[in-house]
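query-v4.txt follows; it contains compact mmCIF, C-alpha atoms.
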# COMPACT_ATOMS: atom_id res chain seq x y z
CA MET A 14 39.04 78.30 -57.28
CA SER A 15 42.37 76.59 -56.63
CA THR A 16 43.24 72.93 -56.90
CA PRO A 17 45.76 71.98 -54.19
CA ASP A 18 46.53 68.57 -55.67
CA ASP A 19 45.58 67.81 -59.29
CA SER A 20 41.89 68.60 -58.73
CA ALA A 21 41.49 65.77 -56.21
CA VAL A 22 40.81 68.45 -53.60
CA LEU A 23 39.09 71.70 -54.58
CA LEU A 24 39.31 74.92 -52.59
CA GLU A 25 36.91 77.80 -53.17
CA VAL A 26 36.80 80.99 -51.09
CA ASP A 27 33.79 83.30 -51.08
CA GLU A 28 32.78 85.93 -48.51
CA ARG A 29 35.41 84.75 -46.01
CA ILE A 30 34.15 81.14 -46.19
CA ALA A 31 36.37 78.44 -47.69
CA THR A 32 34.74 75.32 -49.09
CA ILE A 33 37.09 72.35 -49.33
CA THR A 34 35.70 69.58 -51.53
CA ILE A 35 37.06 66.07 -51.96
CA ASN A 36 36.69 65.67 -55.71
CA ARG A 37 36.82 62.00 -56.67
CA PRO A 38 33.10 61.28 -57.17
CA GLU A 39 33.78 58.34 -59.47
CA ALA A 40 35.57 56.63 -56.54
CA ARG A 41 33.11 57.85 -53.90
CA ASN A 42 35.83 60.27 -52.80
CA ALA A 43 38.11 57.51 -51.55
CA LEU A 44 41.21 58.92 -49.88
CA ASN A 45 43.95 58.14 -52.34
CA ARG A 46 47.43 59.66 -52.08
CA ALA A 47 46.38 62.82 -53.97
CA VAL A 48 43.50 63.47 -51.56
CA ARG A 49 45.52 62.61 -48.47
CA ASN A 50 48.18 65.09 -49.56
CA GLY A 51 45.74 67.72 -50.82
CA LEU A 52 43.51 67.96 -47.76
CA PRO A 53 46.23 69.02 -45.31
CA ARG A 54 47.56 71.51 -47.85
CA ALA A 55 44.09 73.02 -48.29
CA VAL A 56 43.56 73.36 -44.54
CA LEU A 57 47.01 74.90 -44.06
CA GLU A 58 46.36 77.32 -46.94
CA CYS A 59 43.06 78.38 -45.38
CA GLU A 60 44.72 78.80 -42.01
CA ALA A 61 47.29 81.15 -43.56
CA ARG A 62 44.88 83.22 -45.66
CA ASP A 63 43.64 86.55 -44.32
CA ASP A 64 40.45 86.31 -46.40
CA VAL A 65 39.25 83.07 -44.74
CA ASP A 66 37.51 82.90 -41.36
CA VAL A 67 35.60 79.59 -41.60
CA MET A 68 36.17 76.34 -43.49
CA ILE A 69 33.56 73.86 -44.72
CA LEU A 70 34.68 70.35 -45.64
CA THR A 71 32.52 68.22 -47.93
CA GLY A 72 32.66 65.67 -50.75
CA ALA A 73 31.55 65.80 -54.35
CA ASP A 74 28.23 63.96 -54.60
CA PRO A 75 27.27 61.22 -54.09
CA ALA A 76 29.63 60.61 -51.13
CA PHE A 77 31.49 62.41 -48.38
CA SER A 78 34.26 59.81 -48.44
CA ALA A 79 34.33 56.04 -48.67
CA GLY A 80 37.58 56.02 -46.68
CA VAL A 81 41.18 55.24 -47.51
CA ASP A 82 41.46 54.04 -51.11
CA LEU A 83 41.77 50.31 -50.52
CA LYS A 84 42.37 49.66 -54.21
CA GLU A 85 45.49 51.81 -54.00
CA PHE A 86 46.52 50.35 -50.66
CA GLY A 87 45.69 46.84 -51.78
CA SER A 88 48.01 47.26 -54.74
CA GLY A 89 50.91 47.02 -52.31
CA GLU A 90 52.38 50.44 -53.14
CA SER A 91 51.90 51.82 -49.64
CA THR A 92 53.19 48.62 -48.10
CA ARG A 93 56.34 48.87 -50.21
CA ARG A 94 56.76 52.42 -48.95
CA GLY A 95 56.53 51.16 -45.37
CA GLU A 96 53.33 53.08 -44.68
CA GLY A 97 50.50 52.04 -42.40
CA PHE A 98 47.02 53.50 -42.59
CA ALA A 99 47.81 56.15 -39.96
CA GLU A 100 51.02 57.20 -41.73
CA ILE A 101 49.67 58.57 -44.96
CA GLY A 102 48.94 62.11 -46.02
CA ALA A 103 51.90 64.22 -44.95
CA PRO A 104 51.96 67.28 -47.20
CA ASP A 105 55.71 66.93 -47.70
CA GLY A 106 55.20 63.48 -49.21
CA SER A 107 57.15 61.77 -46.45
CA GLY A 108 54.18 59.68 -45.34
CA ARG A 109 54.77 60.69 -41.71
CA LEU A 110 52.19 62.99 -40.19
CA PRO A 111 53.62 65.66 -37.86
CA TRP A 112 50.27 65.94 -36.09
CA ARG A 113 47.69 63.59 -34.68
CA GLY A 114 44.49 62.94 -36.55
CA ALA A 115 43.57 63.28 -40.21
CA LEU A 116 44.09 67.04 -40.49
CA PRO A 117 46.71 69.53 -39.34
CA PRO A 118 46.06 71.74 -36.30
CA HIS A 119 44.01 74.83 -37.14
CA THR A 120 42.56 77.78 -35.27
CA LYS A 121 39.67 78.52 -37.63
CA LEU A 122 36.26 76.83 -37.42
CA LEU A 123 35.93 73.70 -39.58
CA ILE A 124 32.38 72.54 -40.31
CA GLY A 125 31.85 69.08 -41.78
CA ALA A 126 29.10 69.00 -44.42
CA VAL A 127 28.38 65.28 -44.72
CA ASN A 128 26.55 64.82 -48.00
CA GLY A 129 26.66 61.02 -48.32
CA VAL A 130 28.50 57.99 -46.98
CA ALA A 131 31.37 58.60 -44.55
CA VAL A 132 33.11 55.29 -44.00
CA THR A 133 36.14 54.27 -41.91
CA GLY A 134 38.92 56.76 -42.84
CA GLY A 135 36.26 59.06 -44.29
CA PHE A 136 34.34 58.72 -41.04
CA GLU A 137 37.48 59.63 -39.09
CA LEU A 138 37.98 62.62 -41.36
CA ALA A 139 34.47 63.83 -40.52
CA LEU A 140 35.11 63.31 -36.81
CA ASN A 141 38.13 65.63 -37.05
CA CYS A 142 35.81 68.54 -37.92
CA ASP A 143 34.60 70.88 -35.17
CA PHE A 144 31.00 69.76 -35.73
CA LEU A 145 28.93 68.03 -38.41
CA ILE A 146 25.84 68.98 -40.38
CA ALA A 147 24.37 66.07 -42.32
CA SER A 148 22.35 65.69 -45.46
CA GLU A 149 19.41 63.33 -45.22
CA ARG A 150 21.49 61.07 -47.47
CA ALA A 151 24.41 60.85 -45.01
CA ARG A 152 25.43 57.41 -43.79
CA PHE A 153 28.23 56.54 -41.36
CA ALA A 154 30.11 53.28 -40.77
CA ASP A 155 33.29 52.10 -39.10
CA THR A 156 34.65 49.11 -41.02
CA HIS A 157 38.22 49.17 -39.68
CA ALA A 158 37.89 45.74 -38.12
CA ARG A 159 36.20 44.31 -41.22
CA VAL A 160 39.13 45.47 -43.34
CA GLY A 161 41.55 44.07 -40.79
CA ILE A 162 43.14 47.38 -39.77
CA MET A 163 43.14 49.56 -36.67
CA PRO A 164 42.12 53.25 -36.63
CA GLY A 165 44.87 55.83 -36.36
CA TRP A 166 43.11 59.16 -36.93
CA GLY A 167 41.32 59.31 -33.59
CA LEU A 168 38.18 57.26 -34.13
CA THR A 169 38.34 55.43 -30.79
CA VAL A 170 38.69 58.79 -29.04
CA LEU A 171 36.46 61.11 -31.04
CA LEU A 172 33.57 58.74 -31.76
CA ALA A 173 33.27 57.73 -28.12
CA GLN A 174 33.26 61.41 -27.12
CA LEU A 175 30.30 62.12 -29.39
CA ILE A 176 28.03 59.09 -29.01
CA GLY A 177 29.33 57.28 -25.92
CA VAL A 178 31.59 54.28 -25.57
CA ALA A 179 28.89 51.60 -25.86
CA ARG A 180 27.45 52.95 -29.11
CA ALA A 181 30.95 53.49 -30.50
CA ARG A 182 31.78 49.87 -29.71
CA GLN A 183 28.60 48.76 -31.48
CA MET A 184 29.54 50.63 -34.65
CA SER A 185 33.12 49.32 -34.61
CA VAL A 186 32.39 45.65 -33.96
CA THR A 187 29.47 45.36 -36.41
CA GLY A 188 30.56 47.65 -39.24
CA ASN A 189 26.89 48.49 -39.71
CA PHE A 190 25.77 51.76 -41.26
CA LEU A 191 24.12 54.51 -39.22
CA ASP A 192 21.65 56.65 -41.14
CA ALA A 193 21.41 60.41 -40.78
CA GLN A 194 18.43 60.44 -38.42
CA ARG A 195 19.95 57.88 -36.05
CA ALA A 196 23.25 59.79 -36.21
CA TYR A 197 21.36 62.89 -35.08
CA GLU A 198 19.59 61.00 -32.29
CA TRP A 199 22.92 59.61 -31.08
CA GLY A 200 24.59 63.03 -31.08
CA LEU A 201 26.99 62.35 -33.93
CA VAL A 202 25.68 65.22 -36.07
CA ASN A 203 24.21 68.54 -34.96
CA GLU A 204 21.54 68.83 -37.64
CA VAL A 205 20.04 66.88 -40.54
CA VAL A 206 18.84 68.92 -43.51
CA ALA A 207 17.49 68.28 -46.99
CA HIS A 208 20.30 67.25 -49.30
CA ASP A 209 19.99 70.28 -51.58
CA GLU A 210 20.11 72.61 -48.57
CA LEU A 211 23.24 71.18 -46.96
CA LEU A 212 25.87 73.63 -48.16
CA ALA A 213 23.51 76.58 -47.79
CA ARG A 214 22.88 75.66 -44.16
CA CYS A 215 26.58 75.25 -43.48
CA ARG A 216 27.29 78.61 -45.08
CA GLN A 217 24.57 80.18 -42.94
CA LEU A 218 26.22 78.83 -39.78
CA ALA A 219 29.60 79.96 -41.07
CA ALA A 220 28.19 83.45 -41.71
CA ASP A 221 26.83 83.53 -38.15
CA CYS A 222 30.30 82.70 -36.87
CA ILE A 223 31.89 85.42 -38.99
CA THR A 224 29.75 88.10 -37.30
CA ILE A 225 31.68 87.42 -34.07
CA ASP A 226 35.13 88.81 -33.31
CA GLN A 227 37.33 86.09 -34.79
CA ARG A 228 39.93 86.47 -32.06
CA ALA A 229 37.23 85.46 -29.57
CA VAL A 230 35.98 82.61 -31.78
CA ARG A 231 39.45 81.13 -32.13
CA ARG A 232 40.18 81.46 -28.44
CA MET A 233 36.88 79.69 -27.69
CA LEU A 234 37.70 76.85 -30.09
CA ALA A 235 41.19 76.56 -28.61
CA THR A 236 39.74 76.40 -25.10
CA TYR A 237 37.40 73.56 -26.09
CA ARG A 238 40.37 71.68 -27.55
CA GLU A 239 42.50 72.28 -24.48
CA VAL A 240 39.77 71.08 -22.13
CA THR A 241 38.92 67.94 -24.11
CA ASP A 242 42.53 67.13 -24.99
CA GLY A 243 43.43 67.23 -21.33
CA THR A 244 41.13 64.28 -20.71
CA VAL A 245 41.85 62.16 -23.78
CA ASP A 246 45.58 62.48 -24.44
CA ASP A 247 46.13 58.94 -23.20
CA GLY A 248 43.48 57.68 -25.60
CA TRP A 249 45.24 59.25 -28.58
CA ARG A 250 48.54 57.73 -27.49
CA ILE A 251 47.00 54.29 -27.03
CA GLU A 252 45.28 54.36 -30.41
CA GLY A 253 48.48 55.51 -32.12
CA ARG A 254 50.51 52.76 -30.50
CA VAL A 255 47.99 50.04 -31.35
CA SER A 256 47.67 51.24 -34.95
CA ALA A 257 51.44 51.27 -35.42
CA GLU A 258 51.90 47.85 -33.82
CA TRP A 259 49.08 46.34 -35.88
CA ALA A 260 50.48 47.81 -39.09
CA GLY A 261 53.95 46.60 -38.15
CA ALA A 262 52.81 43.02 -38.64
CA GLY A 263 52.44 43.84 -42.35
CA PHE A 264 49.49 43.76 -44.73
CA ASP A 265 48.66 41.24 -47.41
CA PRO A 266 47.47 43.34 -50.39
CA ALA A 267 45.47 40.43 -51.81
CA GLU A 268 43.66 39.95 -48.51
CA ILE A 269 42.85 43.65 -48.26
CA GLU A 270 41.43 43.61 -51.78
CA ARG A 271 39.30 40.55 -50.98
CA LYS A 272 37.91 42.22 -47.87
CA ARG A 273 37.31 45.47 -49.75
CA ARG A 274 35.08 43.72 -52.27
CA GLY A 275 33.11 42.03 -49.51
CA ILE A 276 32.65 45.27 -47.56
CA THR A 277 31.52 47.10 -50.69
CA GLU A 278 28.82 44.55 -51.40
CA ARG A 279 27.69 44.49 -47.78
CA GLY A 280 27.55 48.28 -47.69
CA ARG A 281 25.41 48.45 -50.81
CA SER A 282 22.89 46.10 -49.23
CA GLN A 283 22.65 48.33 -46.15
CA ILE A 284 22.37 51.78 -47.71
CA ASN A 285 20.11 51.02 -50.67
Spit out the file's structure as structure tokens when you get a sec.
Amino acid sequence: MSTPDDSAVLLEVDERIATITINRPEARNALNRAVRNGLPRAVLECEARDDVDVMILTGADPAFSAGVDLKEFGSGESTRRGEGFAEIGAPDGSGRLPWRGALPPHTKLLIGAVNGVAVTGGFELALNCDFLIASERARFADTHARVGIMPGWGLTVLLAQLIGVARARQMSVTGNFLDAQRAYEWGLVNEVVAHDELLARCRQLAADCITIDQRAVRRMLATYREVTDGTVDDGWRIEGRVSAEWAGAGFDPAEIERKRRGITERGRSQIN
């Protein structure tokens, strides 16, 4: 097992399957700087390794990811660095992502194993996987508007693709949680399984994929991306522009912290 960034992101490879785990359970796997730097490094390492064919992305229980670490962002450190929410996580530490979305481009299959809450930036991270398998404990919410920020990792594009524009709008303008069964019914996740069976099921699907000629698998994944990208490029550009313009107005760290506390309390009332 390797630790790409101070154990905040764990990478384990076994039988050609890499499991990437966000490892901040005490913070519900909030995406602090260490995680935002470690995740791209882990994906790029897997992409380069000859002993990896499939990646699985998950979080250390009890959460997948509660989103960008608003405590860290609310401290004002990122604001002082001139970073917006969509400009964090570059593996070189520059804060400027050379790709669109939460993760770098990759040719290998990436399965999202959603084991608990996936909120806002954590939700966007899940949406950047090729498909999602959910634990019965999975919960999804988009609280960008409640925080007072705009998405920059593709939520307005990817969520609408999966569940339709009207349902995506509903999630974004209410900030309400979607449970695993409703997520399955809406087409957000492919399967819902018992919590203790989640990683085993994802590994089974990964093993099925490995039995196929990987050159063909990667060409198939690339074709899907080319087809869908051809229809949504404008959406990515629009979201990126809006996110940058919104962030350009500046953030009040105290206001972000106030909103974070309110969102946390509201979320607890919905998922308990």
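Distances here use all atoms listed in the file; by that measure, the residue among A:Arg41, A:Arg62, A:His119, A:Arg159 closest to Asp82 of chain A is A:Arg41.
Taking atom CA of Arg279 of chain A as the reference point, atom CA of Ala115 of chain A is found at 25.7 Å.
Of the listed residues (A:Val130, A:Val202, A:Ala158, A:Ala173), A:Val130 comes nearest to Gln283 of chain A; the distances count all atoms listed in the file.
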Radius query 6 Å about (29.0, 61.0, -50.5), atoms used: all atoms listed in the file, as number ranges by chain: A: 72, 74-78, 128-130
Produce a file of the selected residues containing C-alpha atoms, as a PDB file, keeping the file's coordinate frame.
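Contents of result22.pdb, freshly written:
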ATOM      1  CA  GLY A  72      32.660  65.670 -50.750  1.00  0.00           C
ATOM      2  CA  ASP A  74      28.230  63.960 -54.600  1.00  0.00           C
ATOM      3  CA  PRO A  75      27.270  61.220 -54.090  1.00  0.00           C
ATOM      4  CA  ALA A  76      29.630  60.610 -51.130  1.00  0.00           C
ATOM      5  CA  PHE A  77      31.490  62.410 -48.380  1.00  0.00           C
ATOM      6  CA  SER A  78      34.260  59.810 -48.440  1.00  0.00           C
ATOM      7  CA  ASN A 128      26.550  64.820 -48.000  1.00  0.00           C
ATOM      8  CA  GLY A 129      26.660  61.020 -48.320  1.00  0.00           C
ATOM      9  CA  VAL A 130      28.500  57.990 -46.980  1.00  0.00           C
TER      10      VAL A 130
END
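The coordinates place atom CA of Ala207 of chain A at 20.8 Å from atom CA of Asn42 of chain A.
In this comparison, which uses only C-alpha atoms, the residue of A:Val205, A:Cys215, A:Ile176, A:Ala181 approaching Gly125 of chain A most closely is A:Cys215.
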Emit as AutoDock Vina command-line options the padded axis-aligned box for all listed atoms of segment 239-258 of chain A, 8 Å per side, with centre and edge lengths in Å to one decimal.
--center_x 45.4 --center_y 60.1 --center_z -28.1 --size_x 29.0 --size_y 40.4 --size_z 30.7
Proximity to Thr169 of chain A - best of A:Thr236, A:Gln217, A:Gln183, A:Ser282, all atoms listed in the file: A:Gln183
Between atom CA of Arg250 of chain A and atom CA of Ala196 of chain A - distance in Å to one decimal: 26.8 Å
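In this comparison, which uses only C-alpha atoms, the residue of A:Gly167, A:Pro117, A:Pro38, A:Gly161 approaching Gly188 of chain A most closely is A:Gly161.
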Best match for closeness to Glu149 of chain A among A:Val127, A:Ile276, A:Leu57, A:Leu175, counting all atoms listed in the file: A:Val127
Generate the missing atoms of segment 138-155 of chain A up to N, CA and C atoms and report them as a tab-separated table (two decimals), keeping the file's coordinate frame.
chain	number	residue	atom	x	y	z
A	138	LEU	N	37.79	61.27	-40.84
A	138	LEU	CA	37.98	62.62	-41.36
A	138	LEU	C	36.85	63.53	-40.89
A	139	ALA	N	35.62	63.04	-40.99
A	139	ALA	CA	34.47	63.83	-40.52
A	139	ALA	C	34.58	64.12	-39.02
A	140	LEU	N	35.01	63.13	-38.25
A	140	LEU	CA	35.11	63.31	-36.81
A	140	LEU	C	36.15	64.35	-36.43
A	141	ASN	N	37.10	64.62	-37.32
A	141	ASN	CA	38.13	65.63	-37.05
A	141	ASN	C	37.64	67.05	-37.31
A	142	CYS	N	36.40	67.21	-37.77
A	142	CYS	CA	35.81	68.54	-37.92
A	142	CYS	C	35.31	69.02	-36.55
A	143	ASP	N	35.06	70.32	-36.44
A	143	ASP	CA	34.60	70.88	-35.17
A	143	ASP	C	33.17	70.44	-34.86
A	144	PHE	N	32.32	70.37	-35.87
A	144	PHE	CA	31.00	69.76	-35.73
A	144	PHE	C	30.49	69.40	-37.12
A	145	LEU	N	29.43	68.58	-37.15
A	145	LEU	CA	28.93	68.03	-38.41
A	145	LEU	C	27.48	68.44	-38.64
A	146	ILE	N	27.20	68.80	-39.89
A	146	ILE	CA	25.84	68.98	-40.38
A	146	ILE	C	25.66	67.93	-41.47
A	147	ALA	N	24.55	67.21	-41.42
A	147	ALA	CA	24.37	66.07	-42.32
A	147	ALA	C	23.22	66.28	-43.29
A	148	SER	N	23.44	65.85	-44.51
A	148	SER	CA	22.35	65.69	-45.46
A	148	SER	C	21.51	64.50	-45.04
A	149	GLU	N	20.27	64.48	-45.47
A	149	GLU	CA	19.41	63.33	-45.22
A	149	GLU	C	19.97	62.06	-45.86
A	150	ARG	N	20.89	62.22	-46.80
A	150	ARG	CA	21.49	61.07	-47.47
A	150	ARG	C	22.76	60.57	-46.76
A	151	ALA	N	23.17	61.24	-45.71
A	151	ALA	CA	24.41	60.85	-45.01
A	151	ALA	C	24.26	59.46	-44.38
A	152	ARG	N	25.35	58.72	-44.43
A	152	ARG	CA	25.43	57.41	-43.79
A	152	ARG	C	26.84	57.28	-43.21
A	153	PHE	N	26.94	56.67	-42.03
A	153	PHE	CA	28.23	56.54	-41.36
A	153	PHE	C	28.49	55.08	-41.01
A	154	ALA	N	29.75	54.65	-41.16
A	154	ALA	CA	30.11	53.28	-40.77
A	154	ALA	C	31.59	53.22	-40.43
A	155	ASP	N	31.90	52.39	-39.44
A	155	ASP	CA	33.29	52.10	-39.10
A	155	ASP	C	33.58	50.66	-39.47
